[in-house]
>>> print(open('protein25.txt').read())   # compact mmCIF, C-alpha atoms and all ligand atoms
# COMPACT_ATOMS: atom_id res chain seq x y z
CA MET W 1 21.00 3.35 -10.70
CA GLY W 2 24.09 1.84 -9.10
CA PHE W 3 24.46 -1.32 -7.10
CA ALA W 4 25.88 -1.33 -3.60
CA SER W 5 29.03 -3.31 -3.06
CA PRO W 6 28.98 -5.87 -0.26
CA GLY W 7 30.47 -4.48 2.90
CA GLY W 8 30.23 -0.96 1.48
CA SER W 9 28.21 1.92 2.78
CA ALA W 10 24.92 3.12 1.36
CA GLY W 11 25.15 5.49 -1.60
CA THR W 12 27.49 8.36 -2.28
CA GLY W 13 25.72 11.53 -1.09
CA THR W 14 26.81 13.83 1.69
CA GLY W 15 23.76 13.40 3.96
CA PRO W 16 23.17 10.49 6.33
CA GLN W 17 23.57 6.98 4.97
CA ILE W 18 20.18 5.25 5.02
CA VAL W 19 19.21 1.76 3.94
CA VAL W 20 15.61 0.77 3.24
CA LEU W 21 14.43 -2.83 3.36
CA GLY W 22 11.59 -3.53 0.91
CA ALA W 23 10.73 -1.97 -2.47
CA GLY W 24 6.96 -1.80 -2.10
CA ILE W 25 5.23 1.56 -2.14
CA LEU W 26 6.23 2.44 1.43
CA GLY W 27 9.91 1.65 0.95
CA VAL W 28 10.12 3.35 -2.45
CA SER W 29 8.19 6.44 -1.36
CA THR W 30 10.29 6.88 1.79
CA ALA W 31 13.49 6.31 -0.17
CA VAL W 32 12.60 9.06 -2.66
CA HIS W 33 11.66 11.50 0.10
CA LEU W 34 14.97 10.72 1.84
CA LEU W 35 16.90 11.43 -1.34
CA ARG W 36 15.01 14.70 -1.81
CA GLY W 37 16.12 15.60 1.72
CA GLY W 38 19.78 14.98 0.91
CA ALA W 39 20.32 11.48 2.31
CA SER W 40 22.35 8.82 0.63
CA VAL W 41 19.97 5.90 0.12
CA THR W 42 20.25 2.22 -0.70
CA LEU W 43 17.01 0.30 -1.23
CA VAL W 44 17.36 -3.46 -0.80
CA THR W 45 14.60 -5.88 -1.72
CA GLU W 46 14.03 -9.60 -1.85
CA ALA W 47 12.93 -9.90 -5.50
CA HIS W 48 11.98 -6.85 -7.58
CA PRO W 49 10.15 -3.57 -6.87
CA GLY W 50 6.41 -4.11 -6.45
CA SER W 51 6.76 -7.88 -6.00
CA GLY W 52 4.72 -7.79 -2.76
CA ALA W 53 1.27 -6.44 -1.92
CA SER W 54 1.92 -3.24 -3.90
CA GLY W 55 1.95 -5.29 -7.08
CA ARG W 56 -1.56 -6.65 -6.48
CA SER W 57 -3.48 -3.90 -4.68
CA LEU W 58 -6.91 -2.45 -5.41
CA SER W 59 -5.56 0.87 -4.12
CA TRP W 60 -8.80 2.73 -3.50
CA LEU W 61 -7.75 6.14 -2.16
CA ASN W 62 -10.23 6.92 0.54
CA SER W 63 -11.03 7.70 4.14
CA GLY W 64 -14.62 6.56 4.15
CA GLY W 65 -14.56 4.20 7.15
CA THR W 66 -15.21 4.99 10.79
CA TYR W 67 -11.56 5.54 11.60
CA PRO W 68 -10.25 7.28 14.72
CA ILE W 69 -9.94 10.96 13.88
CA GLU W 70 -6.11 10.97 13.78
CA TYR W 71 -6.15 8.08 11.31
CA HIS W 72 -8.78 9.90 9.25
CA GLN W 73 -6.59 13.01 9.16
CA LEU W 74 -3.56 11.02 8.07
CA ARG W 75 -5.57 9.38 5.30
CA LEU W 76 -6.88 12.76 4.14
CA ALA W 77 -3.30 14.03 4.02
CA GLY W 78 -2.48 10.91 2.02
CA MET W 79 -5.18 11.73 -0.51
CA ASP W 80 -3.98 15.34 -0.60
CA ARG W 81 -0.47 14.29 -1.68
CA TYR W 82 -1.93 12.22 -4.51
CA ARG W 83 -3.94 15.23 -5.66
CA THR W 84 -0.73 17.24 -5.72
CA LEU W 85 0.97 14.55 -7.78
CA LEU W 86 -1.96 14.52 -10.20
CA ALA W 87 -2.02 18.32 -10.43
CA GLU W 88 1.66 18.23 -11.37
CA ASN W 89 1.06 15.41 -13.88
CA PRO W 90 -2.53 15.89 -15.07
CA ASP W 91 -2.34 13.32 -17.85
CA LEU W 92 -1.54 10.30 -15.69
CA ASP W 93 -3.71 7.30 -16.59
CA TRP W 94 -2.73 5.43 -13.40
CA LEU W 95 -3.93 7.94 -10.80
CA ARG W 96 -7.45 9.35 -10.91
CA PHE W 97 -9.92 11.09 -8.61
CA ASP W 98 -13.21 10.25 -10.29
CA GLY W 99 -15.12 9.35 -7.14
CA GLY W 100 -16.18 6.26 -5.24
CA VAL W 101 -19.55 4.49 -5.17
CA TYR W 102 -20.36 2.34 -2.16
CA TRP W 103 -23.07 -0.10 -1.13
CA ASP W 104 -21.00 -2.72 0.64
CA GLY W 105 -23.35 -3.64 3.49
CA GLY W 106 -24.49 -1.76 6.60
CA SER W 107 -26.73 1.28 6.69
CA LEU W 108 -25.78 3.67 3.91
CA ALA W 109 -27.66 6.48 5.64
CA ASP W 110 -25.58 6.00 8.82
CA ARG W 111 -22.34 5.80 6.87
CA CYS W 112 -23.24 8.89 4.89
CA GLU W 113 -24.14 10.87 8.00
CA ALA W 114 -20.96 9.81 9.82
CA GLN W 115 -18.90 10.92 6.81
CA GLN W 116 -20.73 14.23 6.48
CA ASP W 117 -20.23 14.87 10.21
CA ARG W 118 -16.49 14.88 9.46
CA GLY W 119 -16.84 17.08 6.41
CA TYR W 120 -16.12 14.13 4.09
CA ASP W 121 -17.92 14.66 0.78
CA ALA W 122 -20.74 12.11 0.78
CA ARG W 123 -24.23 11.90 -0.67
CA LEU W 124 -26.91 9.27 -1.10
CA VAL W 125 -28.00 8.90 -4.71
CA PRO W 126 -31.14 7.00 -5.78
CA ALA W 127 -30.32 4.30 -8.35
CA ARG W 128 -32.48 6.03 -10.98
CA ASN W 129 -30.23 9.12 -10.77
CA VAL W 130 -26.87 7.36 -10.65
CA ALA W 131 -26.32 7.56 -14.40
CA ARG W 132 -26.36 11.38 -14.11
CA VAL W 133 -23.38 11.40 -11.75
CA VAL W 134 -21.49 8.13 -12.37
CA ALA W 135 -20.67 6.81 -15.83
CA GLY W 136 -20.58 3.20 -16.91
CA LEU W 137 -23.02 1.50 -14.49
CA ASP W 138 -26.13 -0.55 -15.20
CA PRO W 139 -28.83 1.14 -13.02
CA ALA W 140 -30.77 -2.16 -12.94
CA ALA W 141 -27.87 -3.79 -11.07
CA LEU W 142 -27.90 -1.20 -8.27
CA PRO W 143 -29.77 -1.22 -4.97
CA GLU W 144 -32.39 1.47 -4.34
CA GLU W 145 -29.71 3.98 -3.48
CA VAL W 146 -25.94 4.14 -3.34
CA LEU W 147 -23.42 6.24 -1.43
CA LEU W 148 -21.37 8.55 -3.61
CA ASN W 149 -18.01 9.95 -2.43
CA PRO W 150 -16.97 12.32 -5.22
CA GLY W 151 -13.53 13.04 -3.72
CA GLU W 152 -12.21 9.48 -3.75
CA GLY W 153 -9.82 7.99 -6.25
CA TRP W 154 -7.53 5.12 -7.16
CA VAL W 155 -3.90 4.54 -8.10
CA SER W 156 -2.06 1.71 -9.76
CA LEU W 157 0.86 1.16 -7.39
CA PRO W 158 3.15 -0.60 -9.89
CA HIS W 159 2.89 2.48 -12.10
CA LEU W 160 3.50 4.80 -9.15
CA ILE W 161 6.51 2.75 -8.03
CA ARG W 162 7.97 2.96 -11.55
CA HIS W 163 7.36 6.72 -11.56
CA LEU W 164 9.06 7.19 -8.17
CA LEU W 165 11.97 4.92 -9.08
CA GLY W 166 12.66 7.20 -12.04
CA GLU W 167 13.25 10.03 -9.57
CA PHE W 168 15.12 7.66 -7.24
CA ALA W 169 17.59 6.92 -10.05
CA ARG W 170 17.93 10.59 -11.03
CA LEU W 171 18.72 11.50 -7.42
CA GLY W 172 21.44 8.87 -7.22
CA GLY W 173 19.72 6.18 -5.14
CA THR W 174 21.11 2.66 -5.19
CA LEU W 175 18.68 -0.22 -5.78
CA VAL W 176 19.59 -3.77 -4.85
CA THR W 177 17.14 -6.34 -6.23
CA ALA W 178 17.01 -10.15 -5.87
CA ALA W 179 18.70 -9.81 -2.47
CA GLY W 180 16.75 -12.67 -0.87
CA ARG W 181 15.63 -12.42 2.74
CA VAL W 182 17.41 -9.48 4.32
CA CYS W 183 17.62 -8.76 8.04
CA VAL W 184 18.61 -5.77 10.17
CA ALA W 185 22.21 -5.72 11.38
CA THR W 186 22.71 -4.41 14.92
CA ASP W 187 25.68 -3.43 17.04
CA GLY W 188 25.53 -2.49 20.70
CA GLY W 189 21.74 -2.12 20.68
CA THR W 190 21.66 0.12 17.60
CA ALA W 191 20.71 -0.62 13.99
CA VAL W 192 23.79 -0.36 11.78
CA GLY W 193 22.52 -1.60 8.43
CA LEU W 194 21.06 -4.55 6.58
CA CYS W 195 22.47 -8.01 6.19
CA SER W 196 21.62 -10.32 3.29
CA GLU W 197 21.31 -14.10 3.45
CA ALA W 198 24.61 -14.29 1.61
CA GLY W 199 26.23 -12.31 4.42
CA GLU W 200 26.49 -9.00 2.56
CA LEU W 201 26.33 -6.02 4.90
CA TYR W 202 24.86 -2.70 3.79
CA ARG W 203 26.05 -0.26 6.45
CA ALA W 204 23.95 2.75 7.37
CA ASP W 205 23.31 5.39 10.02
CA VAL W 206 19.57 4.73 9.87
CA VAL W 207 17.49 1.75 8.69
CA LEU W 208 13.87 1.50 7.56
CA VAL W 209 12.03 -1.83 7.56
CA ALA W 210 9.20 -1.60 5.01
CA ALA W 211 8.84 -5.26 4.20
CA GLY W 212 5.03 -5.39 3.90
CA ALA W 213 3.68 -8.67 5.25
CA GLY W 214 7.31 -9.70 5.81
CA THR W 215 7.79 -6.95 8.41
CA PRO W 216 6.73 -8.97 11.49
CA ALA W 217 9.25 -11.70 10.59
CA VAL W 218 12.05 -9.14 10.24
CA LEU W 219 11.16 -7.59 13.62
CA ASP W 220 10.80 -11.01 15.24
CA GLY W 221 14.45 -11.55 14.38
CA LEU W 222 15.22 -8.44 16.42
CA GLY W 223 13.25 -9.56 19.44
CA ALA W 224 10.63 -6.88 18.72
CA PRO W 225 7.56 -8.84 17.62
CA LEU W 226 4.69 -6.90 16.03
CA GLN W 227 1.07 -7.92 16.36
CA ASP W 228 0.31 -9.27 12.92
CA GLY W 229 -3.13 -9.58 11.32
CA SER W 230 -1.92 -10.01 7.72
CA ASP W 231 -4.34 -11.98 5.59
CA LEU W 232 -4.67 -13.40 2.11
CA ALA W 233 -6.01 -11.26 -0.72
CA MET W 234 -6.35 -11.63 -4.48
CA LEU W 235 -6.39 -9.00 -7.19
CA VAL W 236 -7.77 -9.82 -10.64
CA VAL W 237 -6.92 -7.61 -13.63
CA THR W 238 -8.88 -8.02 -16.86
CA GLU W 239 -7.79 -7.98 -20.46
CA PRO W 240 -8.47 -4.66 -22.23
CA LYS W 241 -12.19 -4.11 -22.84
CA ALA W 242 -14.07 -0.92 -23.70
CA HIS W 243 -15.95 0.39 -20.66
CA ASN W 244 -16.99 3.78 -19.27
CA LEU W 245 -16.35 3.16 -15.59
CA LYS W 246 -14.32 5.90 -13.94
CA ALA W 247 -15.28 5.62 -10.26
CA VAL W 248 -14.17 2.99 -7.74
CA LEU W 249 -17.03 0.64 -6.79
CA ASN W 250 -17.30 -1.09 -3.43
CA THR W 251 -20.15 -3.58 -3.45
CA PRO W 252 -20.95 -6.73 -1.46
CA ARG W 253 -19.64 -9.12 -4.13
CA VAL W 254 -16.87 -7.15 -5.83
CA SER W 255 -14.72 -4.05 -5.42
CA LEU W 256 -13.81 -2.69 -8.79
CA ARG W 257 -11.82 0.12 -10.34
CA PRO W 258 -10.51 1.15 -13.74
CA HIS W 259 -6.97 0.05 -14.56
CA PRO W 260 -4.64 1.55 -17.19
CA GLY W 261 -5.06 0.23 -20.73
CA SER W 262 -8.90 -0.04 -20.69
CA ARG W 263 -8.61 -2.77 -18.09
CA LEU W 264 -10.42 -3.24 -14.79
CA ALA W 265 -8.96 -4.36 -11.47
CA MET W 266 -11.06 -6.07 -8.81
CA ASP W 267 -11.02 -7.93 -5.53
CA SER W 268 -13.43 -9.21 -2.89
CA THR W 269 -13.45 -11.44 0.17
CA TRP W 270 -16.16 -14.08 -0.41
CA TYR W 271 -13.71 -16.57 -1.98
CA LEU W 272 -10.86 -16.32 0.51
CA ASP W 273 -11.64 -19.71 2.07
CA SER W 274 -11.13 -21.39 -1.28
CA ILE W 275 -7.54 -20.14 -1.64
CA THR W 276 -5.10 -22.95 -0.86
CA PRO W 277 -1.31 -23.09 -0.44
CA ASN W 278 0.37 -24.66 -3.45
CA GLY W 279 3.42 -26.01 -1.64
CA ASP W 280 6.07 -23.62 -3.00
CA GLY W 281 5.17 -20.66 -0.78
CA GLY W 282 2.47 -19.42 -3.17
CA TRP W 283 -1.30 -19.86 -3.29
CA SER W 284 -3.85 -21.20 -5.77
CA VAL W 285 -7.52 -20.60 -6.35
CA ASP W 286 -10.09 -22.52 -8.37
CA PRO W 287 -10.20 -20.74 -11.78
CA GLN W 288 -14.01 -20.83 -11.51
CA VAL W 289 -13.73 -18.35 -8.63
CA VAL W 290 -11.91 -15.93 -10.93
CA LEU W 291 -14.57 -16.40 -13.63
CA ASP W 292 -17.30 -15.78 -11.08
CA LEU W 293 -15.63 -12.64 -9.74
CA VAL W 294 -15.22 -11.22 -13.23
CA ASP W 295 -18.90 -12.00 -13.93
CA GLU W 296 -19.89 -10.14 -10.76
CA ALA W 297 -18.06 -7.11 -12.14
CA SER W 298 -19.57 -7.42 -15.59
CA ALA W 299 -23.09 -7.57 -14.14
CA LEU W 300 -22.64 -4.08 -12.65
CA LEU W 301 -21.50 -2.40 -15.83
CA ALA W 302 -23.58 -0.82 -18.57
CA GLY W 303 -23.96 -3.27 -21.44
CA HIS W 304 -22.50 -6.11 -19.33
CA PRO W 305 -19.23 -6.30 -21.28
CA ARG W 306 -17.70 -9.75 -21.55
CA LEU W 307 -14.70 -9.46 -19.23
CA VAL W 308 -11.77 -11.87 -19.33
CA ALA W 309 -9.25 -12.15 -16.50
CA GLN W 310 -5.73 -11.45 -17.69
CA SER W 311 -4.03 -12.06 -14.35
CA TRP W 312 -4.88 -12.93 -10.80
CA ARG W 313 -2.32 -12.47 -8.08
CA ILE W 314 -2.68 -13.89 -4.59
CA GLY W 315 -0.62 -13.15 -1.51
CA LEU W 316 -0.62 -11.67 1.95
CA LYS W 317 -1.97 -8.19 2.54
CA PRO W 318 -0.01 -6.52 5.39
CA ILE W 319 -2.32 -5.79 8.33
CA PRO W 320 -1.14 -4.71 11.80
CA GLY W 321 -2.86 -6.67 14.59
CA ASP W 322 -4.86 -3.66 15.79
CA GLY W 323 -5.64 -2.48 12.25
CA ARG W 324 -3.81 0.82 12.58
CA PRO W 325 -0.58 1.79 10.82
CA VAL W 326 2.76 1.19 12.54
CA LEU W 327 5.05 4.07 11.59
CA GLY W 328 8.18 5.28 13.34
CA GLU W 329 11.34 4.34 15.20
CA LEU W 330 11.55 1.27 17.43
CA THR W 331 12.14 2.46 20.98
CA GLY W 332 14.09 -0.72 21.71
CA LEU W 333 16.38 -0.37 18.70
CA PRO W 334 17.51 3.21 17.97
CA GLY W 335 18.13 3.90 14.31
CA CYS W 336 15.58 1.31 13.16
CA TYR W 337 12.31 2.65 11.74
CA VAL W 338 9.26 0.65 10.68
CA ALA W 339 6.50 1.18 8.11
CA PHE W 340 3.74 -1.44 8.25
CA THR W 341 0.15 -0.72 7.28
CA HIS W 342 -3.04 -2.03 5.78
CA SER W 343 -3.72 1.25 3.98
CA GLY W 344 -0.40 1.48 2.22
CA ALA W 345 -1.93 2.74 -1.00
CA THR W 346 -3.79 5.65 0.58
CA LEU W 347 -0.84 6.43 2.87
CA GLY W 348 1.95 5.64 0.42
CA LEU W 349 3.07 9.20 -0.29
CA ILE W 350 2.34 10.83 3.08
CA ALA W 351 3.87 8.02 5.16
CA GLY W 352 7.04 8.19 3.07
CA GLU W 353 7.17 11.96 3.46
CA LEU W 354 6.66 12.02 7.22
CA LEU W 355 8.93 9.07 7.95
CA ALA W 356 11.71 10.55 5.82
CA ARG W 357 11.39 13.82 7.70
CA GLU W 358 11.70 12.03 11.04
CA MET W 359 14.66 9.96 9.87
CA LEU W 360 16.46 13.07 8.61
CA THR W 361 15.72 15.43 11.49
CA GLY W 362 15.16 13.13 14.48
CA ARG W 363 12.04 15.19 15.26
CA ARG W 364 8.95 13.08 15.83
CA HIS W 365 6.12 14.26 13.59
CA PRO W 366 2.94 14.90 15.61
CA MET W 367 0.70 13.27 13.01
CA LEU W 368 2.48 9.95 13.56
CA ALA W 369 2.06 10.02 17.37
CA PRO W 370 -0.90 7.57 17.44
CA PHE W 371 0.91 5.13 15.16
CA ARG W 372 4.16 4.56 17.03
CA PRO W 373 5.47 0.98 17.16
CA GLU W 374 5.77 1.21 20.95
CA ARG W 375 1.98 0.99 21.35
CA MET W 376 2.42 -2.68 20.49
CA ALA W 377 3.17 -3.90 23.99
CA SER W 378 5.90 -6.20 22.78
CA ASP W 379 8.04 -3.28 21.61
CA ALA W 380 8.30 -2.01 25.18
CA SER W 381 10.51 -4.96 25.99
CA ALA W 382 12.35 -4.82 22.68
CA ALA W 383 16.01 -4.67 23.38
CA ALA W 384 18.18 -5.80 20.56
CA PRO W 385 21.55 -7.20 21.58
C1 LIG D 1 -5.93 -7.07 -2.87
C2 LIG D 1 -5.46 -5.85 -2.08
C3 LIG D 1 -6.27 -4.73 -2.01
C4 LIG D 1 -5.85 -3.60 -1.33
N1 LIG D 1 -6.64 -2.50 -1.34
C5 LIG D 1 -6.20 -1.35 -0.77
C6 LIG D 1 -6.98 -0.18 -0.85
O1 LIG D 1 -8.05 -0.17 -1.45
N2 LIG D 1 -6.49 0.96 -0.28
C7 LIG D 1 -5.30 0.99 0.39
O2 LIG D 1 -4.90 2.05 0.90
N3 LIG D 1 -4.54 -0.13 0.50
C8 LIG D 1 -4.97 -1.29 -0.06
N4 LIG D 1 -4.23 -2.42 0.03
C9 LIG D 1 -3.04 -2.42 0.88
C10 LIG D 1 -1.82 -1.83 0.20
O3 LIG D 1 -1.72 -2.29 -1.13
C11 LIG D 1 -0.60 -2.23 1.00
O4 LIG D 1 -0.74 -1.70 2.31
C12 LIG D 1 0.69 -1.71 0.40
O5 LIG D 1 0.83 -2.09 -0.95
C13 LIG D 1 1.85 -2.27 1.21
O6 LIG D 1 3.04 -1.75 0.70
P1 LIG D 1 4.39 -2.09 1.45
O7 LIG D 1 5.45 -1.30 0.80
O8 LIG D 1 4.21 -1.97 2.91
O9 LIG D 1 4.59 -3.68 1.22
P2 LIG D 1 4.84 -4.53 -0.07
O10 LIG D 1 4.27 -3.94 -1.28
O11 LIG D 1 4.44 -5.94 0.26
O12 LIG D 1 6.41 -4.46 -0.26
C14 LIG D 1 7.29 -5.05 0.64
C15 LIG D 1 8.50 -5.58 -0.13
O13 LIG D 1 9.44 -6.07 0.81
C16 LIG D 1 9.98 -7.28 0.34
N5 LIG D 1 10.43 -8.06 1.50
C17 LIG D 1 9.66 -8.61 2.46
N6 LIG D 1 10.44 -9.22 3.38
C18 LIG D 1 11.72 -9.03 2.98
C19 LIG D 1 12.98 -9.41 3.51
N7 LIG D 1 13.11 -10.07 4.66
N8 LIG D 1 14.10 -9.07 2.82
C20 LIG D 1 14.02 -8.38 1.67
N9 LIG D 1 12.85 -7.96 1.13
C21 LIG D 1 11.71 -8.29 1.78
C22 LIG D 1 8.83 -7.93 -0.40
O14 LIG D 1 9.33 -8.87 -1.35
C23 LIG D 1 8.13 -6.75 -1.04
O15 LIG D 1 8.61 -6.49 -2.34
C24 LIG D 1 -4.61 -3.59 -0.66
C25 LIG D 1 -3.78 -4.71 -0.74
C26 LIG D 1 -4.20 -5.82 -1.45
C27 LIG D 1 -3.27 -7.01 -1.54
>>> encode(input="protein25.txt", output="structure tokens", more="lines below")
Ligand SMILES: Cc1cc2nc3c(=O)[nH]c(=O)nc-3n(C[C@H](O)[C@H](O)[C@H](O)COP(=O)(O)OP(=O)(O)OC[C@H]3O[C@@H](n4cnc5c(N)ncnc54)[C@H](O)[C@@H]3O)c2cc1C
Amino acid sequence: MGFASPGGSAGTGTGPQIVVLGAGILGVSTAVHLLRGGASVTLVTEAHPGSGASGRSLSWLNSGGTYPIEYHQLRLAGMDRYRTLLAENPDLDWLRFDGGVYWDGGSLADRCEAQQDRGYDARLVPARNVARVVAGLDPAALPEEVLLNPGEGWVSLPHLIRHLLGEFARLGGTLVTAAGRVCVATDGGTAVGLCSEAGELYRADVVLVAAGAGTPAVLDGLGAPLQDGSDLAMLVVTEPKAHNLKAVLNTPRVSLRPHPGSRLAMDSTWYLDSITPNGDGGWSVDPQVVLDLVDEASALLAGHPRLVAQSWRIGLKPIPGDGRPVLGELTGLPGCYVAFTHSGATLGLIAGELLAREMLTGRRHPMLAPFRPERMASDASAAAP
């Protein structure tokens, strides 16, 4: 993997020169798809790959909510690409489709029916029968019935990013880490590359901003503000502990999934008010909250294994103001594309694929039509100098 020289152009290939801002799952996935399509790609990121939300994500692969149908279809396509990846690499321990179990509030019967109406695999299972279909749970900890979605899965994004960066390197991509806060360089109302704090310019024909929760700030600098609903989130990963859980669990007090190395990963929302800024741009939480969360997980599992938190990572989760993904070119700044979404795990592969296709061909993909940045009213007036 080479390093771009300041003032130089992106990469050495014969296709278009493209620079990508942000090495989270969206930036890395798009970069790899661009390289596959023949582009010359430089990926520039503030710290290191996966240092943002992708490094601390529960990453439940699903489309179980009451999403608008186009969003549902995009999410299903997202799950489909993960299944392809798993079929090509059946032994992966960081990507699994072993189902989802849900009882996180609301009427399960209504949720189940709404899912079945869309052809989404869903069934209500009485607690006494759960052990027959889902391993590793304590039936006594379950409500009368749970909702089972056998087609759901999970991924560990840091592992996926490492996997994709292997291909990125083989295809000749250039990765620039520890670049600090990077912004989009413009000339005559067009994006022409990225500019680092130190004044280094990475020239390109096309730019992608995939800066996670940092995306609104980057676009603000271009006079193209995005509606931002990003919020705090915490992911706890346990030390290795024998357990039989394979499914993803979404319950009122904890969402939980297996994690490579006999670990478990979990998050929830009940403690968010007790997260406080620690003065250096990071956040802290009372360690008792972490102990309590881990205990909530243990109480659901067969044998109630004693779980110990190995790490807990807190930071902003990128969320567009209207909750729907923002994917595509800025109408006010030709050559500048954006990828900003709350469901970046589920969409990671498909969003990268479709955005890369648009960036390489200029043809707008119909599946991205409902997710264009211009729906955010502020983009209509976006006119970069
Ligand atoms: C606790 C938690 C649970 C989640 N659960 C799920 C789930 O179950 N299912 C699901 O689909 N999604 C889930 N998500 C959301 C998903 O993880 C994110 O949507 C996805 O990881 C975002 O990836 P990204 O590439 O957009 O951003 P990030 O991973 O944040 O990457 C952006 C990168 O850009 C860098 N950057 C930012 N600004 C700049 C700048 N100005 N200059 C240079 N670099 C910059 C950052 O340092 C970062 O490395 C969850 C997220 C969290 C935190």
>>> residues_around(input="protein25.txt", residues="Trp60 in chain W", least_positions_apart="3", cutoff="12 Å", atoms="all atoms listed in the file", output="PyMOL selection string")
chain W and resi 57+63-64+75+78-79+82+94-102+149+151-157+247-250+255-259+265-267+342-348
>>> closest_residue(input="protein25.txt", among="W:Pro260, W:Pro277, W:Gly38, W:Gly335", to="Pro16 in chain W", atoms="only C-alpha atoms")
W:Gly38
>>> atom_distance(input="protein25.txt", atom1="CA of Ala179 in chain W", atom2="CA of Ser230 in chain W")
23.0 Å
>>> residues_near_ligand(input="protein25.txt", ligand="ligand LIG 1 (chain D)", cutoff="7 Å", atoms="all atoms listed in the file", output="JSON, numbers by chain")
{"W": [21, 22, 23, 24, 25, 26, 27, 44, 45, 46, 47, 48, 49, 50, 51, 52, 53, 54, 55, 56, 57, 58, 59, 60, 61, 179, 180, 181, 182, 183, 210, 211, 212, 213, 214, 215, 218, 233, 234, 235, 267, 315, 316, 317, 318, 339, 340, 341, 342, 343, 344, 345, 346, 347]}
>>> residues_around(input="protein25.txt", residues="Leu293 in chain W", least_positions_apart="5", cutoff="8 Å", atoms="all atoms listed in the file", output="JSON, numbers by chain")
{"W": [253, 254, 267, 268]}
>>> write_last_selection(input="protein25.txt", atoms="C-alpha atoms", output="short mmCIF file (atom, residue, chain, number, x, y, z; two decimals), in the coordinates of the input")
data_model
loop_
_atom_site.label_atom_id
_atom_site.label_comp_id
_atom_site.auth_asym_id
_atom_site.auth_seq_id
_atom_site.Cartn_x
_atom_site.Cartn_y
_atom_site.Cartn_z
CA ARG W 253 -19.64 -9.12 -4.13
CA VAL W 254 -16.87 -7.15 -5.83
CA ASP W 267 -11.02 -7.93 -5.53
CA SER W 268 -13.43 -9.21 -2.89
#
>>> closest_residue(input="protein25.txt", among="W:Ala185, W:Ala178, W:Ile319, W:Ala140", to="Asp228 in chain W", atoms="only C-alpha atoms")
W:Ile319
>>> residues_around(input="protein25.txt", residues="Pro370 in chain W", least_positions_apart="2", cutoff="9 Å", atoms="all atoms listed in the file", output="list of chain:residue names")
W:Glu70, W:Tyr71, W:Arg324, W:Pro325, W:Val326, W:Pro366, W:Met367, W:Leu368, W:Arg372, W:Arg375
>>> atom_distance(input="protein25.txt", atom1="CA of Ala191 in chain W", atom2="CA of Cys336 in chain W")
5.5 Å
>>> residues_around(input="protein25.txt", residues="range 355-358 of chain W", least_positions_apart="4", cutoff="8 Å", atoms="all atoms listed in the file", output="list in words")
Thr30, Ala31, His33, Leu34, Gly37, Leu327, Gly328, Ala351, Gly362, Arg363, Arg364 and His365 of chain W
>>> write_last_selection(input="protein25.txt", atoms="C-alpha atoms", output="compact mmCIF listing (two decimals), in the frame of the given file")
# COMPACT_ATOMS: atom_id res chain seq x y z
CA THR W 30 10.29 6.88 1.79
CA ALA W 31 13.49 6.31 -0.17
CA HIS W 33 11.66 11.50 0.10
CA LEU W 34 14.97 10.72 1.84
CA GLY W 37 16.12 15.60 1.72
CA LEU W 327 5.05 4.07 11.59
CA GLY W 328 8.18 5.28 13.34
CA ALA W 351 3.87 8.02 5.16
CA GLY W 362 15.16 13.13 14.48
CA ARG W 363 12.04 15.19 15.26
CA ARG W 364 8.95 13.08 15.83
CA HIS W 365 6.12 14.26 13.59
